There are 4 protein chains.
Amino acid sequence: MCSRSVASKTPVGFIGLGNMGNPMAKNLMKHGYPLIIYDVFPDACKEFQDAGEQVVSSPADVAEKADRIITMLPTSINAVEAYSGANGILKKVKKGSLLIDSSTIDPAVSKELAKEVEKMGAVFMDAPVSGGVGAARSGNLTFMVGGVEDEFAAAQELLGCMGSNVVYCGAVGTGQAAKICNNMLLAISMIGTAEAMNLGIRLGLDPKLLAKILNMSSGRCWSSDTYNPVPGVMDGVPSANNYQGGFGTTLMAKDLGLAQDSATSTKSPILLGSLAHQIYRMMCAKGYSKKDFSSVFQFLREEETF
Amino acid sequence: MCSRSVASKTPVGFIGLGNMGNPMAKNLMKHGYPLIIYDVFPDACKEFQDAGEQVVSSPADVAEKADRIITMLPTSINAVEAYSGANGILKKVKKGSLLIDSSTIDPAVSKELAKEVEKMGAVFMDAPVSGGVGAARSGNLTFMVGGVEDEFAAAQELLGCMGSNVVYCGAVGTGQAAKICNNMLLAISMIGTAEAMNLGIRLGLDPKLLAKILNMSSGRCWSSDTYNPVPGVMDGVPSANNYQGGFGTTLMAKDLGLAQDSATSTKSPILLGSLAHQIYRMMCAKGYSKKDFSSVFQFLREEETF
Amino acid sequence: MCSRSVASKTPVGFIGLGNMGNPMAKNLMKHGYPLIIYDVFPDACKEFQDAGEQVVSSPADVAEKADRIITMLPTSINAVEAYSGANGILKKVKKGSLLIDSSTIDPAVSKELAKEVEKMGAVFMDAPVSGGVGAARSGNLTFMVGGVEDEFAAAQELLGCMGSNVVYCGAVGTGQAAKICNNMLLAISMIGTAEAMNLGIRLGLDPKLLAKILNMSSGRCWSSDTYNPVPGVMDGVPSANNYQGGFGTTLMAKDLGLAQDSATSTKSPILLGSLAHQIYRMMCAKGYSKKDFSSVFQFLREEETF
Amino acid sequence: MCSRSVASKTPVGFIGLGNMGNPMAKNLMKHGYPLIIYDVFPDACKEFQDAGEQVVSSPADVAEKADRIITMLPTSINAVEAYSGANGILKKVKKGSLLIDSSTIDPAVSKELAKEVEKMGAVFMDAPVSGGVGAARSGNLTFMVGGVEDEFAAAQELLGCMGSNVVYCGAVGTGQAAKICNNMLLAISMIGTAEAMNLGIRLGLDPKLLAKILNMSSGRCWSSDTYNPVPGVMDGVPSANNYQGGFGTTLMAKDLGLAQDSATSTKSPILLGSLAHQIYRMMCAKGYSKKDFSSVFQFLREEETF
């Protein structure tokens, strides 16, 4: 999926070298792509400059020097600024360029950006990732890609250097949609697993035995069989390590906010989804923001005191 | 697990010959156990009488003639009546009898019954089932068993004739607890799957593709990969057959009511669980009571009209 | 409503001399009723013994010496024990006795007790109170009374000595029902007020001004105009005093548990009611159990930290 | 509050002559203000043209001819178009103009518009209304006004012709914030009232008596004492007229969507608020969209069928 011949590779632009963008960009380098780098925080670029990559001073400058650009930014606002801002990509984007946004943002914003990019004669694809920093380092991310199908192969060439799984989802915005829907269901089943395990324990069940029963029954889900939130049930998951590492509660709250916005604008009822959003919202305010999202078990299990 | 020698088998009492009890009792017959039968509705016994089994006129009479009894009743109230009522089992139970309740009821009630049974020098086990009428017919039920561990082998001898999976869960009441916890998580992940699929479809995703993405990601659950609620995604499930058959919304609402009661009495927070309860409650009042519980997708997807 | 002539008054039994029962019983004394006293904790009776009232050693003994009895107990279980226990009222109750239960319990339990009392030829009424310890001391409680209407005047004679408001609600159990429904709506509107005030403050509104606007608009409710949960908006309410005093979160959680149970058994959907229940449940586990129930504002307003 | 001298009045622009805008504009006419009229639907302007008012062909044209403009539009998108669109107000707005937006929109959008207006040297105020078409006709609307305090008197001069209550709420956006918070609390207490009344009725209480008890207790709220949702309890409210008229479910769902968006962007937990949003969302999809929002009682009371 990922070409190994280095000789003829043209530079790839990379905007946003944070926790995720940094290892992703490095994987492109490993595959021989010269990079044109920009980040609002100059410090984030230093490592790449030292490695010989070219650092420029705005997204517009990236667009001037590269006709394939990957953006990896924390919020919709940052993405809009990088594309449509005063020194944004759109100021100098070349016709035929391929712009891939791997940020997790509102699909409605992705569609807006796609329209503006299209007006300039370029191509936009949304390609949010699933998998955390570890998967970014090892090149094992999953990319969910939305955009014109004819361009998917071109996107795949680059994304395949950073991820082991590149899935075509449909028109622009569907990459975001797929990610949002997955994460909403993930949040719901994680909280559900935590509630069921906690209730079972209070009713006298052994946690390991309960997990085993759920996992061979219809309650089985990824949160129960692969990432169980109850300390002592599984090894090698955040619950076995005081909820360190993993996928932070803050990030889950952010994704649920996007699901909420999309559901409101499409008038889709999400009763459990919006309650899950509120629960992660509360957890962020009660000291759980930096813990893995499976810490909802800990949040719920606290005993009443008198 | 299930002895095939017929010669020396002593009679087994069976109380409650409804949709589930009927095929369960027949499986005991197939394995050579003579039955002592009772049901509040005499018609339910006729078939067994015709087959040569002995029909008696009260639970007490069953207890007089059999020292192993299985009860399969619809509610806590029915179970209490069968055990502690004016003509209940406890009126004539023999010392050392083994009483197995396969009804799905409040675990607190199971514990109460166990205490009363113990006072009479007999043994009580709760052994609710998972799997519907089909599994009852084919002898493929799962039994979740709570009670004294020493007696588990004796229970297994009988239950193994009716189910393919007999799981020991711990002290009395833990069989019920395991079932309740599983079904609560099932309800939550089913509604979550329905919400996520519906949102994704409204955001432009193809349902089959979305299901595939969820199933290879962290949103994966039994409701998404084995029993998908969206028509057209899978074959051989109720959503492919207008939500006929399967596990009815009314039954799910009942089990969620038990989860709610257990959570209230143990002061366990179940935010999603109690909202799921309310959703199935509403569905029962909006024409969904006889449909499979995966029809929550249909319930949620109705479009707003103006 | 409350006769002042002392001469001919016959003794009144009083069972349960806790925080509420103690001042209630004293108000009966003030009105000249000799008391027959019982409490499971002998210390709770001492004060009354010193004042010359007769202390006995079981509910049955109370029933032997008094034909009008008031019970004021913390839970359904305590009430059942006081009536139907081994030394309960029913063991020695006299025909024609009037038994008034002012405990807040499940209306289904009140109905059960009423049936048993009726079998003994006596009369049972449920008469839960609204108003806290302060109202109990000043004789300003509200009693919501369920039972046979013909007996209401007799109940009123006693209850009018302890409360300023005695409301007839209908058949047995409706006193409890009225209290439960009121407190469920109270919990919902209190949490709603807290959410609306918190959201408004974060959107830049001055809390006092916002309260004023709500109170002249359709958002007006007792929780916004009489018992506002935001510190600084009103004087003389728990929010002005670090949420000390008032109606404790634990008690609200208990009443919501009763509402939940009643709703489950009558299959009544209470979407907001059951979420309110879960919220107060969580608050009890997060250090709010002893605070006034308006502290839900404080619970919700905590800022997210990173 | 509203000047009656006709002689010197300068024209007022009015954009958006729908159900609400139409009677509002007429009240300005009655007070002697000449109008400059625009609506995207020319038919909506005809009545005013016939009455001698000036109709123009774009918001920009309104801004050219009037230095005080009122906008009354259905959604954020319409408001943005009217201000910032290709032929929007901002294209020709005069320095020192006073632009008052009475639409109910996201307060964040109001703030954005205010910034753009300010850049042009003009003044923007948000002034959403409470009260329906009836109040618009009789000039009894309530306006909640956000903006620079120095300009409030000027706004009040116009708004006082259309409403009986003009409340200054603070900086730009706080008018919207106040309305959103009020309506969210209204939705919560209405659903709460419906749940409490329904539960009480199923527990055997008479609806009128229950309403009376709530209204003299801590459950009292506008929805219980002024706009009771149960048919037969009050006269002259939508519940007495098959939920015709009043404040439509669709409009409530819209306002709750705005509350949801504001809460998500300010990270404010609204557990009941977002569940209320989902409930009105569902009602819109189940045939209640055109009924008054108090029809939630009807929605919840449907009995389970088997």
# chains A, B, ... in the order shown; residues from 1 in each chain; ligands from 1
$ select_by_dssp --residues "segment 72-159 of chain B" --states "strand (DSSP E)" --output "VMD selection string"
chain B and resid 98 to 101 123 to 126 129 to 130 141 to 146
$ residues_around --residues "Asp43 of chain A" --least-positions-apart "6" --cutoff "12 Å" --atoms "only C-alpha atoms" --output "PDB file with N, CA and C atoms, in the first residue's frame"
ATOM      1  N   GLY A  16       0.701  21.011  11.705  1.00  0.00           N
ATOM      2  CA  GLY A  16       0.211  20.511  12.993  1.00  0.00           C
ATOM      3  C   GLY A  16       1.072  19.372  13.489  1.00  0.00           C
ATOM      4  N   LEU A  17       2.114  19.697  14.276  1.00  0.00           N
ATOM      5  CA  LEU A  17       3.071  18.677  14.722  1.00  0.00           C
ATOM      6  C   LEU A  17       2.930  18.428  16.223  1.00  0.00           C
ATOM      7  N   GLY A  18       1.729  18.200  16.652  1.00  0.00           N
ATOM      8  CA  GLY A  18       1.487  17.950  18.074  1.00  0.00           C
ATOM      9  C   GLY A  18       1.755  16.496  18.445  1.00  0.00           C
ATOM     10  N   ASN A  22       3.332  14.779  15.188  1.00  0.00           N
ATOM     11  CA  ASN A  22       4.771  14.515  15.243  1.00  0.00           C
ATOM     12  C   ASN A  22       5.120  13.098  14.794  1.00  0.00           C
ATOM     13  N   ILE A  37       7.134  21.844   6.588  1.00  0.00           N
ATOM     14  CA  ILE A  37       6.571  21.791   7.928  1.00  0.00           C
ATOM     15  C   ILE A  37       6.053  23.159   8.385  1.00  0.00           C
ATOM     16  N   GLN A  49      13.349  20.484  11.718  1.00  0.00           N
ATOM     17  CA  GLN A  49      14.387  21.340  11.111  1.00  0.00           C
ATOM     18  C   GLN A  49      15.751  20.693  11.308  1.00  0.00           C
ATOM     19  N   ASP A  50      16.006  20.231  12.547  1.00  0.00           N
ATOM     20  CA  ASP A  50      17.284  19.583  12.843  1.00  0.00           C
ATOM     21  C   ASP A  50      17.490  18.349  11.964  1.00  0.00           C
ATOM     22  N   VAL A  55      11.203  24.066   7.203  1.00  0.00           N
ATOM     23  CA  VAL A  55      10.169  24.682   8.030  1.00  0.00           C
ATOM     24  C   VAL A  55       9.803  26.041   7.439  1.00  0.00           C
TER      25      VAL A  55
END
$ closest_residue --among "D:Ile201, D:Ala276, D:Leu28, D:Val56" --to "chain A" --atoms "only C-alpha atoms"
D:Ala276
$ select_by_dssp --residues "segment 114-265 of chain B" --states "helix (DSSP H, G or I)" --output "PDB file with C-alpha atoms, in the first residue's frame"
ATOM      1  CA  ALA B 114     -33.373 -19.207  49.654  1.00  0.00           C
ATOM      2  CA  LYS B 115     -33.576 -18.288  53.344  1.00  0.00           C
ATOM      3  CA  GLU B 116     -37.038 -19.755  53.714  1.00  0.00           C
ATOM      4  CA  VAL B 117     -36.085 -22.892  51.823  1.00  0.00           C
ATOM      5  CA  GLU B 118     -32.992 -23.323  53.975  1.00  0.00           C
ATOM      6  CA  LYS B 119     -35.103 -23.126  57.139  1.00  0.00           C
ATOM      7  CA  VAL B 133     -38.020 -20.175  22.906  1.00  0.00           C
ATOM      8  CA  GLY B 134     -35.862 -21.542  20.094  1.00  0.00           C
ATOM      9  CA  ALA B 135     -32.970 -22.272  22.422  1.00  0.00           C
ATOM     10  CA  ALA B 136     -35.386 -23.783  24.927  1.00  0.00           C
ATOM     11  CA  ARG B 137     -36.648 -26.193  22.242  1.00  0.00           C
ATOM     12  CA  SER B 138     -33.220 -27.205  21.018  1.00  0.00           C
ATOM     13  CA  GLU B 149     -21.238 -24.522  45.230  1.00  0.00           C
ATOM     14  CA  ASP B 150     -21.464 -28.063  46.629  1.00  0.00           C
ATOM     15  CA  GLU B 151     -24.897 -28.464  45.099  1.00  0.00           C
ATOM     16  CA  PHE B 152     -23.911 -27.179  41.680  1.00  0.00           C
ATOM     17  CA  ALA B 153     -23.158 -30.623  40.272  1.00  0.00           C
ATOM     18  CA  ALA B 154     -26.625 -31.844  41.205  1.00  0.00           C
ATOM     19  CA  ALA B 155     -28.222 -28.814  39.523  1.00  0.00           C
ATOM     20  CA  GLN B 156     -26.015 -29.283  36.488  1.00  0.00           C
ATOM     21  CA  GLU B 157     -27.325 -32.813  35.988  1.00  0.00           C
ATOM     22  CA  LEU B 158     -30.818 -31.454  35.338  1.00  0.00           C
ATOM     23  CA  LEU B 159     -29.983 -28.122  33.739  1.00  0.00           C
ATOM     24  CA  THR B 174     -25.766 -14.124  41.590  1.00  0.00           C
ATOM     25  CA  GLY B 175     -27.408 -16.076  38.766  1.00  0.00           C
ATOM     26  CA  GLN B 176     -30.092 -13.395  38.612  1.00  0.00           C
ATOM     27  CA  ALA B 177     -27.463 -10.683  39.032  1.00  0.00           C
ATOM     28  CA  ALA B 178     -25.432 -11.977  36.080  1.00  0.00           C
ATOM     29  CA  LYS B 179     -28.485 -12.136  33.861  1.00  0.00           C
ATOM     30  CA  ILE B 180     -29.668  -8.665  34.844  1.00  0.00           C
ATOM     31  CA  CYS B 181     -26.245  -7.115  34.305  1.00  0.00           C
ATOM     32  CA  ASN B 182     -25.847  -8.783  30.912  1.00  0.00           C
ATOM     33  CA  ASN B 183     -29.265  -7.690  29.725  1.00  0.00           C
ATOM     34  CA  MET B 184     -28.797  -4.133  30.946  1.00  0.00           C
ATOM     35  CA  LEU B 185     -25.532  -3.869  29.018  1.00  0.00           C
ATOM     36  CA  LEU B 186     -27.247  -5.482  26.037  1.00  0.00           C
ATOM     37  CA  ALA B 187     -30.042  -2.901  26.089  1.00  0.00           C
ATOM     38  CA  ILE B 188     -27.556  -0.051  26.375  1.00  0.00           C
ATOM     39  CA  SER B 189     -25.373  -1.256  23.532  1.00  0.00           C
ATOM     40  CA  MET B 190     -28.384  -2.028  21.346  1.00  0.00           C
ATOM     41  CA  ILE B 191     -29.783   1.483  21.775  1.00  0.00           C
ATOM     42  CA  GLY B 192     -26.274   2.889  21.323  1.00  0.00           C
ATOM     43  CA  THR B 193     -25.865   0.913  18.087  1.00  0.00           C
ATOM     44  CA  ALA B 194     -29.242   2.155  16.858  1.00  0.00           C
ATOM     45  CA  GLU B 195     -28.337   5.767  17.662  1.00  0.00           C
ATOM     46  CA  ALA B 196     -24.903   5.513  16.029  1.00  0.00           C
ATOM     47  CA  MET B 197     -26.225   3.794  12.895  1.00  0.00           C
ATOM     48  CA  ASN B 198     -29.070   6.288  12.570  1.00  0.00           C
ATOM     49  CA  LEU B 199     -26.780   9.288  13.035  1.00  0.00           C
ATOM     50  CA  GLY B 200     -24.283   7.883  10.546  1.00  0.00           C
ATOM     51  CA  ILE B 201     -26.969   7.270   7.942  1.00  0.00           C
ATOM     52  CA  ARG B 202     -28.237  10.833   8.317  1.00  0.00           C
ATOM     53  CA  PRO B 207     -25.364   1.402   6.623  1.00  0.00           C
ATOM     54  CA  LYS B 208     -23.495  -1.735   5.612  1.00  0.00           C
ATOM     55  CA  LEU B 209     -20.212   0.116   5.371  1.00  0.00           C
ATOM     56  CA  LEU B 210     -20.781   1.824   8.712  1.00  0.00           C
ATOM     57  CA  ALA B 211     -21.542  -1.506  10.371  1.00  0.00           C
ATOM     58  CA  LYS B 212     -18.339  -2.905   8.888  1.00  0.00           C
ATOM     59  CA  ILE B 213     -16.303   0.022  10.207  1.00  0.00           C
ATOM     60  CA  LEU B 214     -17.822  -0.212  13.695  1.00  0.00           C
ATOM     61  CA  ASN B 215     -17.213  -3.945  13.774  1.00  0.00           C
ATOM     62  CA  TRP B 222     -22.828  -8.023  19.864  1.00  0.00           C
ATOM     63  CA  SER B 223     -25.625  -5.658  18.808  1.00  0.00           C
ATOM     64  CA  SER B 224     -23.540  -4.324  15.932  1.00  0.00           C
ATOM     65  CA  ASP B 225     -21.790  -7.495  14.735  1.00  0.00           C
ATOM     66  CA  PRO B 238     -35.122  -9.823  13.432  1.00  0.00           C
ATOM     67  CA  SER B 239     -34.233  -6.541  11.659  1.00  0.00           C
ATOM     68  CA  ALA B 240     -34.280  -8.529   8.401  1.00  0.00           C
ATOM     69  CA  ASN B 241     -37.789  -9.736   9.182  1.00  0.00           C
ATOM     70  CA  THR B 249     -39.421  -5.231  23.854  1.00  0.00           C
ATOM     71  CA  THR B 250     -41.764  -6.057  26.754  1.00  0.00           C
ATOM     72  CA  LEU B 251     -39.350  -8.662  28.100  1.00  0.00           C
ATOM     73  CA  MET B 252     -36.435  -6.258  27.826  1.00  0.00           C
ATOM     74  CA  ALA B 253     -38.453  -3.613  29.655  1.00  0.00           C
ATOM     75  CA  LYS B 254     -39.156  -6.150  32.397  1.00  0.00           C
ATOM     76  CA  ASP B 255     -35.476  -7.060  32.813  1.00  0.00           C
ATOM     77  CA  LEU B 256     -34.506  -3.387  32.889  1.00  0.00           C
ATOM     78  CA  GLY B 257     -37.093  -2.873  35.629  1.00  0.00           C
ATOM     79  CA  LEU B 258     -35.314  -5.563  37.649  1.00  0.00           C
ATOM     80  CA  ALA B 259     -31.954  -3.904  36.991  1.00  0.00           C
ATOM     81  CA  GLN B 260     -33.448  -0.588  38.095  1.00  0.00           C
ATOM     82  CA  ASP B 261     -34.813  -2.099  41.309  1.00  0.00           C
ATOM     83  CA  SER B 262     -31.505  -3.792  42.113  1.00  0.00           C
ATOM     84  CA  ALA B 263     -29.578  -0.612  41.408  1.00  0.00           C
ATOM     85  CA  THR B 264     -31.907   1.450  43.589  1.00  0.00           C
ATOM     86  CA  SER B 265     -31.664  -0.927  46.496  1.00  0.00           C
TER      87      SER B 265
END
$ interface_residues --of "chain D" --to "chain B" --cutoff "9 Å" --atoms "only C-alpha atoms" --output "ChimeraX atom specification"
/D:250,281-290,300-306
$ write_last_selection --atoms "all heavy atoms" --output "compact mmCIF listing (two decimals), in the first residue's frame"
# COMPACT_ATOMS: atom_id res chain seq x y z
N THR D 250 -42.05 22.05 17.90
CA THR D 250 -40.92 22.30 17.01
C THR D 250 -40.08 23.48 17.47
O THR D 250 -38.84 23.45 17.43
CB THR D 250 -41.43 22.60 15.58
OG1 THR D 250 -42.28 21.53 15.18
CG2 THR D 250 -40.28 22.72 14.61
N ARG D 281 -37.18 16.39 20.58
CA ARG D 281 -36.74 15.89 19.27
C ARG D 281 -37.61 14.68 18.86
O ARG D 281 -38.12 14.62 17.75
CB ARG D 281 -35.28 15.45 19.46
CG ARG D 281 -34.42 15.33 18.24
CD ARG D 281 -33.77 16.60 17.81
NE ARG D 281 -34.66 17.44 17.05
CZ ARG D 281 -34.46 18.72 16.85
NH1 ARG D 281 -33.42 19.33 17.38
NH2 ARG D 281 -35.31 19.41 16.14
N MET D 282 -37.73 13.73 19.77
CA MET D 282 -38.53 12.54 19.47
C MET D 282 -39.99 12.90 19.21
O MET D 282 -40.62 12.33 18.32
CB MET D 282 -38.49 11.57 20.65
CG MET D 282 -37.26 10.70 20.67
SD MET D 282 -37.51 9.27 21.75
CE MET D 282 -37.77 10.11 23.31
N MET D 283 -40.52 13.81 20.01
CA MET D 283 -41.92 14.18 19.83
C MET D 283 -42.16 14.72 18.43
O MET D 283 -43.20 14.46 17.81
CB MET D 283 -42.35 15.19 20.89
CG MET D 283 -42.53 14.57 22.27
SD MET D 283 -42.90 15.81 23.53
CE MET D 283 -44.51 16.41 22.94
N CYS D 284 -41.20 15.51 17.93
CA CYS D 284 -41.34 16.07 16.58
C CYS D 284 -41.45 14.95 15.54
O CYS D 284 -42.09 15.12 14.51
CB CYS D 284 -40.16 16.96 16.23
SG CYS D 284 -40.16 18.52 17.12
N ALA D 285 -40.81 13.82 15.82
CA ALA D 285 -40.83 12.71 14.87
C ALA D 285 -42.00 11.76 15.11
O ALA D 285 -42.16 10.78 14.39
CB ALA D 285 -39.51 11.93 14.95
N LYS D 286 -42.80 12.04 16.12
CA LYS D 286 -43.90 11.12 16.44
C LYS D 286 -45.26 11.82 16.34
O LYS D 286 -46.21 11.45 17.02
CB LYS D 286 -43.72 10.55 17.86
CG LYS D 286 -42.38 9.88 18.10
CD LYS D 286 -42.48 8.37 18.20
CE LYS D 286 -41.11 7.70 18.30
NZ LYS D 286 -40.40 7.59 17.04
N GLY D 287 -45.30 12.87 15.53
CA GLY D 287 -46.60 13.48 15.26
C GLY D 287 -46.99 14.63 16.18
O GLY D 287 -48.12 15.11 16.12
N TYR D 288 -46.08 15.09 17.02
CA TYR D 288 -46.42 16.16 17.95
C TYR D 288 -45.86 17.52 17.53
O TYR D 288 -45.96 18.48 18.28
CB TYR D 288 -45.88 15.83 19.35
CG TYR D 288 -46.65 14.73 20.04
CD1 TYR D 288 -46.41 13.40 19.73
CD2 TYR D 288 -47.62 15.03 20.97
CE1 TYR D 288 -47.13 12.38 20.34
CE2 TYR D 288 -48.34 14.03 21.60
CZ TYR D 288 -48.09 12.70 21.27
OH TYR D 288 -48.80 11.72 21.89
N SER D 289 -45.27 17.60 16.32
CA SER D 289 -44.53 18.82 15.99
C SER D 289 -45.38 20.07 16.02
O SER D 289 -44.91 21.13 16.38
CB SER D 289 -43.82 18.66 14.64
OG SER D 289 -44.76 18.35 13.65
N LYS D 290 -46.64 19.96 15.63
CA LYS D 290 -47.47 21.17 15.55
C LYS D 290 -48.27 21.42 16.83
O LYS D 290 -48.97 22.42 16.95
CB LYS D 290 -48.43 21.05 14.38
CG LYS D 290 -47.73 21.26 13.04
CD LYS D 290 -48.71 21.11 11.91
CE LYS D 290 -48.05 21.40 10.57
NZ LYS D 290 -48.85 20.84 9.47
N LEU D 300 -46.37 11.12 27.04
CA LEU D 300 -45.92 10.21 28.09
C LEU D 300 -47.02 9.30 28.63
O LEU D 300 -46.76 8.22 29.14
CB LEU D 300 -45.34 11.00 29.27
CG LEU D 300 -44.05 11.76 29.02
CD1 LEU D 300 -43.69 12.59 30.23
CD2 LEU D 300 -42.91 10.80 28.68
N ARG D 301 -48.27 9.76 28.54
CA ARG D 301 -49.31 9.01 29.24
C ARG D 301 -49.84 7.81 28.48
O ARG D 301 -50.59 7.01 29.02
CB ARG D 301 -50.48 9.93 29.60
CG ARG D 301 -51.44 10.18 28.44
CD ARG D 301 -52.44 11.19 28.85
NE ARG D 301 -53.36 10.59 29.79
CZ ARG D 301 -54.56 10.12 29.46
NH1 ARG D 301 -54.99 10.18 28.23
NH2 ARG D 301 -55.35 9.60 30.36
N GLU D 302 -49.44 7.69 27.21
CA GLU D 302 -49.94 6.55 26.46
C GLU D 302 -49.67 5.26 27.23
O GLU D 302 -48.59 5.07 27.77
CB GLU D 302 -49.28 6.50 25.08
CG GLU D 302 -49.79 7.62 24.17
CD GLU D 302 -48.93 7.78 22.92
OE1 GLU D 302 -48.27 6.82 22.52
OE2 GLU D 302 -48.94 8.90 22.35
N GLU D 303 -50.67 4.41 27.27
CA GLU D 303 -50.56 3.18 28.04
C GLU D 303 -49.83 2.11 27.24
O GLU D 303 -49.94 2.05 26.02
CB GLU D 303 -51.96 2.65 28.38
CG GLU D 303 -52.75 3.56 29.29
CD GLU D 303 -52.36 3.43 30.75
OE1 GLU D 303 -51.69 2.43 31.08
OE2 GLU D 303 -52.74 4.31 31.54
N GLU D 304 -49.13 1.26 27.94
CA GLU D 304 -48.52 0.12 27.26
C GLU D 304 -49.61 -0.84 26.78
O GLU D 304 -50.60 -1.04 27.45
CB GLU D 304 -47.56 -0.61 28.21
CG GLU D 304 -46.45 0.30 28.68
CD GLU D 304 -45.33 -0.41 29.39
OE1 GLU D 304 -45.28 -1.64 29.34
OE2 GLU D 304 -44.49 0.29 29.97
N THR D 305 -49.40 -1.37 25.60
CA THR D 305 -50.36 -2.31 25.05
C THR D 305 -49.69 -3.64 24.79
O THR D 305 -48.49 -3.71 24.60
CB THR D 305 -50.91 -1.79 23.71
OG1 THR D 305 -49.79 -1.49 22.88
CG2 THR D 305 -51.73 -0.54 23.90
N PHE D 306 -50.47 -4.67 24.77
CA PHE D 306 -49.86 -5.98 24.60
C PHE D 306 -50.56 -6.78 23.50
O PHE D 306 -51.53 -6.36 22.94
CB PHE D 306 -49.89 -6.76 25.92
CG PHE D 306 -49.09 -6.05 26.96
CD1 PHE D 306 -49.71 -5.21 27.86
CD2 PHE D 306 -47.71 -6.16 26.98
CE1 PHE D 306 -48.96 -4.52 28.80
CE2 PHE D 306 -46.97 -5.49 27.92
CZ PHE D 306 -47.60 -4.66 28.82
